[in-house]
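Heads up: the structure comes next, in structure tokens.
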Amino acid sequence: MTWGARRRYYCFDGYYYEEAEATCTRDGWTPKPLCAGKICAAPNIPNAEIVGHQRPNYSIYSRIKYKCHPGFEPEQPVEITCNSQTEWTGIRQCTGKMCTAPNIPNAEIMGHQRPNYNIYSRIQYKCRPGFEPEQPVEITCNSQTEWTGIRQCTAKQKLCPDLSVENGLIHKHSSKEEEIFYTCDTGYKPFSGNWWDSVTCSKGSWSEEPQCIREEECGAFPSVHHGKLKKTKQIFHDGETTAFECDPGFIPTQRFIKCVSGTWETPVCEAHMHCGVPPKVENALITSKPEEFYGDGSSVTYVCRSSFLMNGKRTVFCHSGTWEQAPTCKEVMCVAKLTVNMRSDRYPGPEVSVRPGHTITLSCVGKELKLQGHSKITCLSNGEWNVPFPKCEGEVMCVAKLTVNMRSDRHPGPEVSVRPGHTITLSCVGKELKLQGHSKITCLSNGEWNVPFPKCEGGKCGPPPRVNFADTTEITKNEYDSGERVEYSCFNKFTLAQSHPYSKYLTCEHGEWRGNIKCLKPCSVTVEEMDERGIQLQWGEQRNIFSPHEDRISFSCKRGKYSAGIDLRQMCNDGVMNLPLCE
């Protein structure tokens, strides 16, 4: 090529010329041809940022993502591409989120109102006249383009009608229209008796109508401590009277009060015959709120804490200023009265007392005596043994069960036991009672008495006897005529036996209470007992149960254990429940 010749170069698609033409010189072609790759400069998108690391340049066909700043849309990342013309395609501008102008009924926006507002904008509005709230309300456009803080404009409550008072003067605060004060002209006074008073507007009506009465007249009744007067708008003239009544337990010092020269006499209610605070019972509480006083005939009911049994009437009454005898709460204990031929393993003496859950082991003293029943007995939570008390049999004894109106000469208590050959002397308790039969009876070798057991007949009965786990349904008397009867009810969870020979009554017959009352005992099963036998309650959480007579309880075997053949559903029978076994 000759010096000065020129040559033009063409690059392949995707590349571009830095210099498109070269000239032939002594040093060769100048400038040297070079095809460089096409690139896109980093995009500049307002209110957005590139996702990941941003470079100053990108080759064609590169793809990148960007996301809009918080408060701008779209919220999802946007993907754009550098095309062959080194232009970014797919760009979507980031526009700010906006709330449309709020439409609040009965309100006006304060200042210039725009059709749209950026997020986080704050504006104020006020309710129109006749609506509340009266103060301006500020609301905010949140990030979800919703207005927050809006309070609806509600119509103000209807104003009360204008007032006027005859023979008086009314004053109304301009800033407090709901209350009006008034006073009366000379020679008059407000109905309340004060020298000024007020009335209040509420829901469109006044609390009362202002009224001025003459100074010598009486209006509103005075307050009565421990009493009341019927409210009235009647005006009483000098010398007129009105009756009042006192609360229960109080009596008025006078039946009427008089209007004297425009002033009511003071009504007084004095304390009448009443009882003070009910007696405190250890380990018990009363099932009603404390009262300031207890009038004649008032009553309170006591309940014992758990593991304590009540002795006496649970409901006591106030009579003539005095409370009836309060009950006592005795800790539940099981008592084992051992015969002379029986002993306990760890408890010396003829009588053993243990708390619920404790077990004692009994044995007979004597070669020819056997244990009839269970040798191990456990105290239940109701103060009873889990099984019938055993006996040591073999020795013959005569037993005399004395009625409440009979006694023995040398043997105290309701039951007398003697060996064959011994004689006891019996007598009746009570002036009008007579012993029908022999007063002296002797024990025979077969355990029978030599003559029929005598009876005490005639006369009246004293108070009805105590029955285990039961109480009378009515207040008892000190004396009952022959033929009268009393009704009993069992304590909570105990069931009254109704089949023959039992009933719910005892009857006074010839000075002696006749009848049979029995409270069938509930069953107590502890969590420990269930754990020992590998069982649990079929329904509900594991807990101690206390079920009444004939109540059926469903058990299930614990996980990994299987029934040993005893039915898993058992019934309580007078304090005894045969627990199933799972092994």
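So you can find residues: chains in the structure tokens are A, B, ... in the order shown, residues in each start at 1, and ligands are numbered from 1 in order.
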**Q.** Near-Gly373 of chain A list (8 Å; only C-alpha atoms; drop same-chain fewer than 5 positions) as a PyMOL selection string
**A.** chain A and resi 388-391
How would the residues just chosen look if you wrote them out with C-alpha atoms as a PDB file, in the first residue's frame?
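New file out_6.pdb:
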ATOM      1  CA  PRO A 388     -65.202 -53.545 107.789  1.00  0.00           C
ATOM      2  CA  PHE A 389     -63.405 -53.641 111.129  1.00  0.00           C
ATOM      3  CA  PRO A 390     -62.205 -57.206 111.909  1.00  0.00           C
ATOM      4  CA  LYS A 391     -63.121 -59.247 114.969  1.00  0.00           C
TER       5      LYS A 391
END
Q.
What parts of segment 266-366 of chain A does DSSP call strand (DSSP E or B)? I'd like the answer as number ranges by chain.
A. A: 269-271, 274-275, 284-286, 294-295, 299-304, 308-311, 315-319, 322-323, 328-331, 334-337, 342-344, 351-354, 359-364
Residues as selected, C-alpha atoms, written as a JSON list (two decimals), in the first residue's frame, can you do that?
[["chain", "number", "residue", "atom", "x", "y", "z"],
["A", 269, "CYS", "CA", -82.81, 4.69, 113.56],
["A", 270, "GLU", "CA", -81.43, 2.90, 116.61],
["A", 271, "ALA", "CA", -80.01, -0.61, 116.65],
["A", 274, "HIS", "CA", -79.30, -8.15, 116.97],
["A", 275, "CYS", "CA", -76.27, -10.40, 117.10],
["A", 284, "ALA", "CA", -63.91, -23.42, 109.32],
["A", 285, "LEU", "CA", -65.33, -20.46, 107.44],
["A", 286, "ILE", "CA", -68.75, -18.95, 106.78],
["A", 294, "TYR", "CA", -77.25, -9.64, 112.11],
["A", 295, "GLY", "CA", -80.90, -9.07, 112.94],
["A", 299, "SER", "CA", -78.47, -17.21, 109.96],
["A", 300, "VAL", "CA", -74.99, -18.16, 108.79],
["A", 301, "THR", "CA", -73.68, -21.46, 107.46],
["A", 302, "TYR", "CA", -70.28, -22.91, 108.35],
["A", 303, "VAL", "CA", -68.13, -25.26, 106.27],
["A", 304, "CYS", "CA", -65.04, -27.11, 107.50],
["A", 308, "PHE", "CA", -62.02, -31.96, 108.81],
["A", 309, "LEU", "CA", -65.50, -33.16, 109.75],
["A", 310, "MET", "CA", -68.23, -30.99, 111.27],
["A", 311, "ASN", "CA", -69.70, -31.77, 114.64],
["A", 315, "THR", "CA", -76.41, -23.51, 109.97],
["A", 316, "VAL", "CA", -76.88, -21.43, 113.13],
["A", 317, "PHE", "CA", -79.45, -18.69, 113.82],
["A", 318, "CYS", "CA", -79.49, -15.42, 115.76],
["A", 319, "HIS", "CA", -82.20, -15.47, 118.46],
["A", 322, "THR", "CA", -77.55, -14.51, 120.83],
["A", 323, "TRP", "CA", -76.12, -16.96, 118.30],
["A", 328, "THR", "CA", -66.87, -27.55, 115.65],
["A", 329, "CYS", "CA", -64.55, -28.88, 112.98],
["A", 330, "LYS", "CA", -62.60, -31.92, 114.06],
["A", 331, "GLU", "CA", -59.73, -33.29, 112.07],
["A", 334, "CYS", "CA", -60.02, -43.11, 112.01],
["A", 335, "VAL", "CA", -60.49, -44.64, 115.46],
["A", 336, "ALA", "CA", -59.95, -48.33, 116.15],
["A", 337, "LYS", "CA", -61.37, -49.43, 119.51],
["A", 342, "MET", "CA", -56.84, -57.66, 119.97],
["A", 343, "ARG", "CA", -53.69, -55.60, 119.47],
["A", 344, "SER", "CA", -52.08, -53.33, 116.87],
["A", 351, "GLU", "CA", -57.68, -47.29, 121.19],
["A", 352, "VAL", "CA", -55.78, -46.34, 118.02],
["A", 353, "SER", "CA", -56.32, -43.06, 116.14],
["A", 354, "VAL", "CA", -54.65, -42.43, 112.77],
["A", 359, "THR", "CA", -52.57, -48.33, 107.59],
["A", 360, "ILE", "CA", -52.54, -50.40, 110.77],
["A", 361, "THR", "CA", -52.01, -54.14, 111.19],
["A", 362, "LEU", "CA", -54.17, -56.00, 113.74],
["A", 363, "SER", "CA", -53.79, -59.40, 115.36],
["A", 364, "CYS", "CA", -55.60, -61.47, 118.01]]
(Q) Which residues are close to segment 105-111 of chain A, i.e. within 10 Å by only C-alpha atoms, leaving aside same-chain residues fewer than 5 positions away? Reply as number ranges by chain. (A) A: 123-132, 136-138, 152-155
Dump N, CA and C atoms for the selected residues as a CSV table (one decimal), in the first residue's frame?
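Saved as again_17.csv:
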chain,number,residue,atom,x,y,z
A,123,ILE,N,-52.4,15.0,57.8
A,123,ILE,CA,-53.3,16.1,57.6
A,123,ILE,C,-54.3,16.2,58.8
A,124,GLN,N,-55.0,17.3,58.9
A,124,GLN,CA,-55.9,17.5,59.9
A,124,GLN,C,-57.3,17.8,59.3
A,125,TYR,N,-58.3,17.4,60.0
A,125,TYR,CA,-59.7,17.7,59.6
A,125,TYR,C,-60.5,18.1,60.9
A,126,LYS,N,-61.6,18.8,60.7
A,126,LYS,CA,-62.5,19.2,61.8
A,126,LYS,C,-63.9,18.9,61.4
A,127,CYS,N,-64.7,18.6,62.4
A,127,CYS,CA,-66.1,18.2,62.2
A,127,CYS,C,-66.9,19.5,62.0
A,128,ARG,N,-67.9,19.4,61.2
A,128,ARG,CA,-68.8,20.5,61.0
A,128,ARG,C,-69.6,20.9,62.2
A,129,PRO,N,-70.1,22.1,62.3
A,129,PRO,CA,-70.9,22.6,63.4
A,129,PRO,C,-72.0,21.6,63.7
A,130,GLY,N,-72.2,21.3,65.0
A,130,GLY,CA,-73.3,20.4,65.4
A,130,GLY,C,-72.8,19.0,65.5
A,131,PHE,N,-71.5,18.8,65.2
A,131,PHE,CA,-70.9,17.4,65.3
A,131,PHE,C,-69.7,17.5,66.2
A,132,GLU,N,-69.4,16.3,66.8
A,132,GLU,CA,-68.2,16.2,67.6
A,132,GLU,C,-67.4,15.0,67.2
A,136,PRO,N,-59.8,19.7,66.3
A,136,PRO,CA,-59.3,19.1,65.1
A,136,PRO,C,-58.7,17.7,65.3
A,137,VAL,N,-58.8,16.9,64.3
A,137,VAL,CA,-58.3,15.5,64.4
A,137,VAL,C,-57.2,15.3,63.4
A,138,GLU,N,-56.0,14.8,63.8
A,138,GLU,CA,-54.9,14.5,62.8
A,138,GLU,C,-54.9,13.1,62.4
A,152,GLN,N,-64.8,9.3,63.7
A,152,GLN,CA,-66.0,9.7,63.0
A,152,GLN,C,-66.7,10.9,63.7
A,153,CYS,N,-67.3,11.7,62.9
A,153,CYS,CA,-68.0,12.9,63.4
A,153,CYS,C,-69.4,12.5,63.7
A,154,THR,N,-69.8,12.6,64.9
A,154,THR,CA,-71.1,12.2,65.4
A,154,THR,C,-71.9,13.4,65.8
A,155,ALA,N,-73.2,13.4,65.6
A,155,ALA,CA,-74.0,14.5,66.0
A,155,ALA,C,-74.0,14.7,67.5
Q: Name the residues in contact with Pro267 of chain A at a cut-off of 12 Å, using only C-alpha atoms, excluding same-chain residues fewer than 3 positions from it; report them as a list in words.
A: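 Contacts, with the query itself left out: Phe221, Pro222, Ser223, Val224, His225, His226, Gly227, Lys228, Leu229, Thr241, Thr242, Ala243, Phe244, Glu245, Cys246, Ile251, Pro252, Thr253, Gln254, Arg255, Phe256, Ile257, Lys258, Cys259, Trp264 and Glu270 of chain A.
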Take the residues just selected and output them with N, CA and C atoms as a PDB file, in the first residue's frame.
ATOM      1  N   PHE A 221     -86.466  15.403 101.607  1.00  0.00           N
ATOM      2  CA  PHE A 221     -86.301  14.721 102.891  1.00  0.00           C
ATOM      3  C   PHE A 221     -84.824  14.648 103.275  1.00  0.00           C
ATOM      4  N   PRO A 222     -84.555  14.623 104.560  1.00  0.00           N
ATOM      5  CA  PRO A 222     -83.169  14.449 105.004  1.00  0.00           C
ATOM      6  C   PRO A 222     -82.745  12.990 104.852  1.00  0.00           C
ATOM      7  N   SER A 223     -81.432  12.731 104.848  1.00  0.00           N
ATOM      8  CA  SER A 223     -80.929  11.365 104.782  1.00  0.00           C
ATOM      9  C   SER A 223     -81.104  10.682 106.136  1.00  0.00           C
ATOM     10  N   VAL A 224     -81.286   9.370 106.103  1.00  0.00           N
ATOM     11  CA  VAL A 224     -81.505   8.596 107.328  1.00  0.00           C
ATOM     12  C   VAL A 224     -80.431   7.525 107.420  1.00  0.00           C
ATOM     13  N   HIS A 225     -79.621   7.549 108.467  1.00  0.00           N
ATOM     14  CA  HIS A 225     -78.621   6.511 108.664  1.00  0.00           C
ATOM     15  C   HIS A 225     -79.310   5.228 109.122  1.00  0.00           C
ATOM     16  N   HIS A 226     -79.134   4.155 108.359  1.00  0.00           N
ATOM     17  CA  HIS A 226     -79.789   2.862 108.614  1.00  0.00           C
ATOM     18  C   HIS A 226     -81.306   2.952 108.424  1.00  0.00           C
ATOM     19  N   GLY A 227     -81.739   3.811 107.510  1.00  0.00           N
ATOM     20  CA  GLY A 227     -83.168   3.918 107.227  1.00  0.00           C
ATOM     21  C   GLY A 227     -83.391   4.602 105.896  1.00  0.00           C
ATOM     22  N   LYS A 228     -84.655   4.884 105.562  1.00  0.00           N
ATOM     23  CA  LYS A 228     -84.964   5.531 104.289  1.00  0.00           C
ATOM     24  C   LYS A 228     -86.305   6.244 104.370  1.00  0.00           C
ATOM     25  N   LEU A 229     -86.399   7.315 103.559  1.00  0.00           N
ATOM     26  CA  LEU A 229     -87.630   8.070 103.368  1.00  0.00           C
ATOM     27  C   LEU A 229     -87.940   8.055 101.887  1.00  0.00           C
ATOM     28  N   THR A 241     -96.207  16.308 109.019  1.00  0.00           N
ATOM     29  CA  THR A 241     -95.290  15.193 109.322  1.00  0.00           C
ATOM     30  C   THR A 241     -95.274  14.178 108.186  1.00  0.00           C
ATOM     31  N   THR A 242     -94.255  13.321 108.216  1.00  0.00           N
ATOM     32  CA  THR A 242     -94.161  12.206 107.273  1.00  0.00           C
ATOM     33  C   THR A 242     -93.494  11.034 107.988  1.00  0.00           C
ATOM     34  N   ALA A 243     -93.888   9.821 107.600  1.00  0.00           N
ATOM     35  CA  ALA A 243     -93.340   8.615 108.237  1.00  0.00           C
ATOM     36  C   ALA A 243     -92.057   8.192 107.537  1.00  0.00           C
ATOM     37  N   PHE A 244     -91.225   7.443 108.265  1.00  0.00           N
ATOM     38  CA  PHE A 244     -90.016   6.865 107.678  1.00  0.00           C
ATOM     39  C   PHE A 244     -89.833   5.464 108.251  1.00  0.00           C
ATOM     40  N   GLU A 245     -88.991   4.687 107.606  1.00  0.00           N
ATOM     41  CA  GLU A 245     -88.767   3.318 108.057  1.00  0.00           C
ATOM     42  C   GLU A 245     -87.272   3.047 108.180  1.00  0.00           C
ATOM     43  N   CYS A 246     -86.941   2.114 109.053  1.00  0.00           N
ATOM     44  CA  CYS A 246     -85.553   1.780 109.316  1.00  0.00           C
ATOM     45  C   CYS A 246     -85.192   0.433 108.665  1.00  0.00           C
ATOM     46  N   ILE A 251     -84.711   0.245 114.745  1.00  0.00           N
ATOM     47  CA  ILE A 251     -86.058   0.750 115.003  1.00  0.00           C
ATOM     48  C   ILE A 251     -85.998   2.265 115.106  1.00  0.00           C
ATOM     49  N   PRO A 252     -87.074   2.980 114.663  1.00  0.00           N
ATOM     50  CA  PRO A 252     -87.075   4.443 114.737  1.00  0.00           C
ATOM     51  C   PRO A 252     -87.327   4.917 116.176  1.00  0.00           C
ATOM     52  N   THR A 253     -86.658   6.011 116.538  1.00  0.00           N
ATOM     53  CA  THR A 253     -86.908   6.596 117.862  1.00  0.00           C
ATOM     54  C   THR A 253     -88.290   7.221 117.909  1.00  0.00           C
ATOM     55  N   GLN A 254     -88.825   7.584 116.724  1.00  0.00           N
ATOM     56  CA  GLN A 254     -90.195   8.101 116.614  1.00  0.00           C
ATOM     57  C   GLN A 254     -90.707   7.697 115.252  1.00  0.00           C
ATOM     58  N   ARG A 255     -91.996   7.540 115.136  1.00  0.00           N
ATOM     59  CA  ARG A 255     -92.566   7.033 113.886  1.00  0.00           C
ATOM     60  C   ARG A 255     -92.618   8.096 112.802  1.00  0.00           C
ATOM     61  N   PHE A 256     -92.688   9.389 113.182  1.00  0.00           N
ATOM     62  CA  PHE A 256     -92.836  10.468 112.214  1.00  0.00           C
ATOM     63  C   PHE A 256     -91.797  11.549 112.488  1.00  0.00           C
ATOM     64  N   ILE A 257     -91.446  12.287 111.417  1.00  0.00           N
ATOM     65  CA  ILE A 257     -90.649  13.501 111.590  1.00  0.00           C
ATOM     66  C   ILE A 257     -91.496  14.681 111.143  1.00  0.00           C
ATOM     67  N   LYS A 258     -91.258  15.851 111.739  1.00  0.00           N
ATOM     68  CA  LYS A 258     -92.111  17.034 111.531  1.00  0.00           C
ATOM     69  C   LYS A 258     -91.323  18.139 110.841  1.00  0.00           C
ATOM     70  N   CYS A 259     -92.051  18.913 110.012  1.00  0.00           N
ATOM     71  CA  CYS A 259     -91.490  20.115 109.401  1.00  0.00           C
ATOM     72  C   CYS A 259     -91.665  21.262 110.394  1.00  0.00           C
ATOM     73  N   TRP A 264     -86.685  20.055 108.520  1.00  0.00           N
ATOM     74  CA  TRP A 264     -87.143  18.742 108.956  1.00  0.00           C
ATOM     75  C   TRP A 264     -86.453  18.338 110.252  1.00  0.00           C
ATOM     76  N   GLU A 270     -82.308   3.505 115.610  1.00  0.00           N
ATOM     77  CA  GLU A 270     -81.432   2.897 116.607  1.00  0.00           C
ATOM     78  C   GLU A 270     -81.355   1.391 116.402  1.00  0.00           C
TER      79      GLU A 270
END
Q.
Under the rule that only C-alpha atoms are counted, which of A:Gly357, A:Gly575, A:Gly413, A:Pro327 is the nearest residue to Lys493 of chain A?
A.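 That would be A:Gly575, the residue with the smallest distance to Lys493 of chain A.
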Q: Using only C-alpha atoms, determine which residues lie at most 9 Å from Glu474 of chain A, disregarding the query and same-chain residues fewer than 6 positions distant; provide the list as a list of chain:residue names.
A: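 In the requested format, the answer is A:Val486, A:Glu487, A:Tyr488.
When only C-alpha atoms are used to compute distances to Ser164 of chain A, the closest of the residues A:Asn83, A:Ile104, A:Cys212, A:Lys434 turns out to be A:Cys212.
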Q: Please provide the set of residues having any atom within 9 Å of Leu169 of chain A, restricted to only C-alpha atoms, with same-chain residues fewer than 4 positions apart removed, written as a PyMOL selection string.
A: chain A and resi 164-165+181-185
**Q.** Exercise: Thr89 of chain A partners within 9 Å, only C-alpha atoms, chain neighbours under 6 positions left out, as a VMD selection string
**A.** chain A and resid 79 to 83
File of the preceding selection, N, CA and C atoms, as a compact mmCIF listing (two decimals), in the first residue's frame:
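Saved file again.txt follows:
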# COMPACT_ATOMS: atom_id res chain seq x y z
N GLU A 79 -36.48 -7.02 37.01
CA GLU A 79 -35.33 -7.48 36.23
C GLU A 79 -35.24 -6.70 34.92
N ILE A 80 -34.02 -6.17 34.59
CA ILE A 80 -33.79 -5.43 33.33
C ILE A 80 -32.63 -6.07 32.58
N THR A 81 -32.57 -5.80 31.22
CA THR A 81 -31.58 -6.44 30.34
C THR A 81 -30.85 -5.40 29.51
N CYS A 82 -29.53 -5.56 29.37
CA CYS A 82 -28.72 -4.71 28.47
C CYS A 82 -28.82 -5.30 27.06
N ASN A 83 -29.47 -4.57 26.08
CA ASN A 83 -29.68 -5.15 24.76
C ASN A 83 -28.49 -4.84 23.83
Q) From the set A:Glu216, A:Asp551, A:Asn516, A:Glu583, which residue has the shortest atom-to-atom contact distance to Gln570 of chain A, counting only C-alpha atoms? A)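 Nearest to Gln570 of chain A: A:Asp551.
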Q | A:Gln436, A:Thr472, A:Ser288, A:Val418 ranked by distance to Pro454 of chain A, top pick (using only C-alpha atoms) | A |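 Ranked by minimum distance to Pro454 of chain A, first place goes to A:Gln436.
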**Q.** Point-to-point distance in Å for atom CA of Phe250 of chain A and atom CA of His237 of chain A
**A.** 28.6 Å
Q | Distance of atom CA of Arg346 of chain A from atom CA of Val365 of chain A, expressed in Å to one decimal place | A |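 Interatomic distance, atom CA of Val365 of chain A to atom CA of Arg346 of chain A: 14.9 Å.
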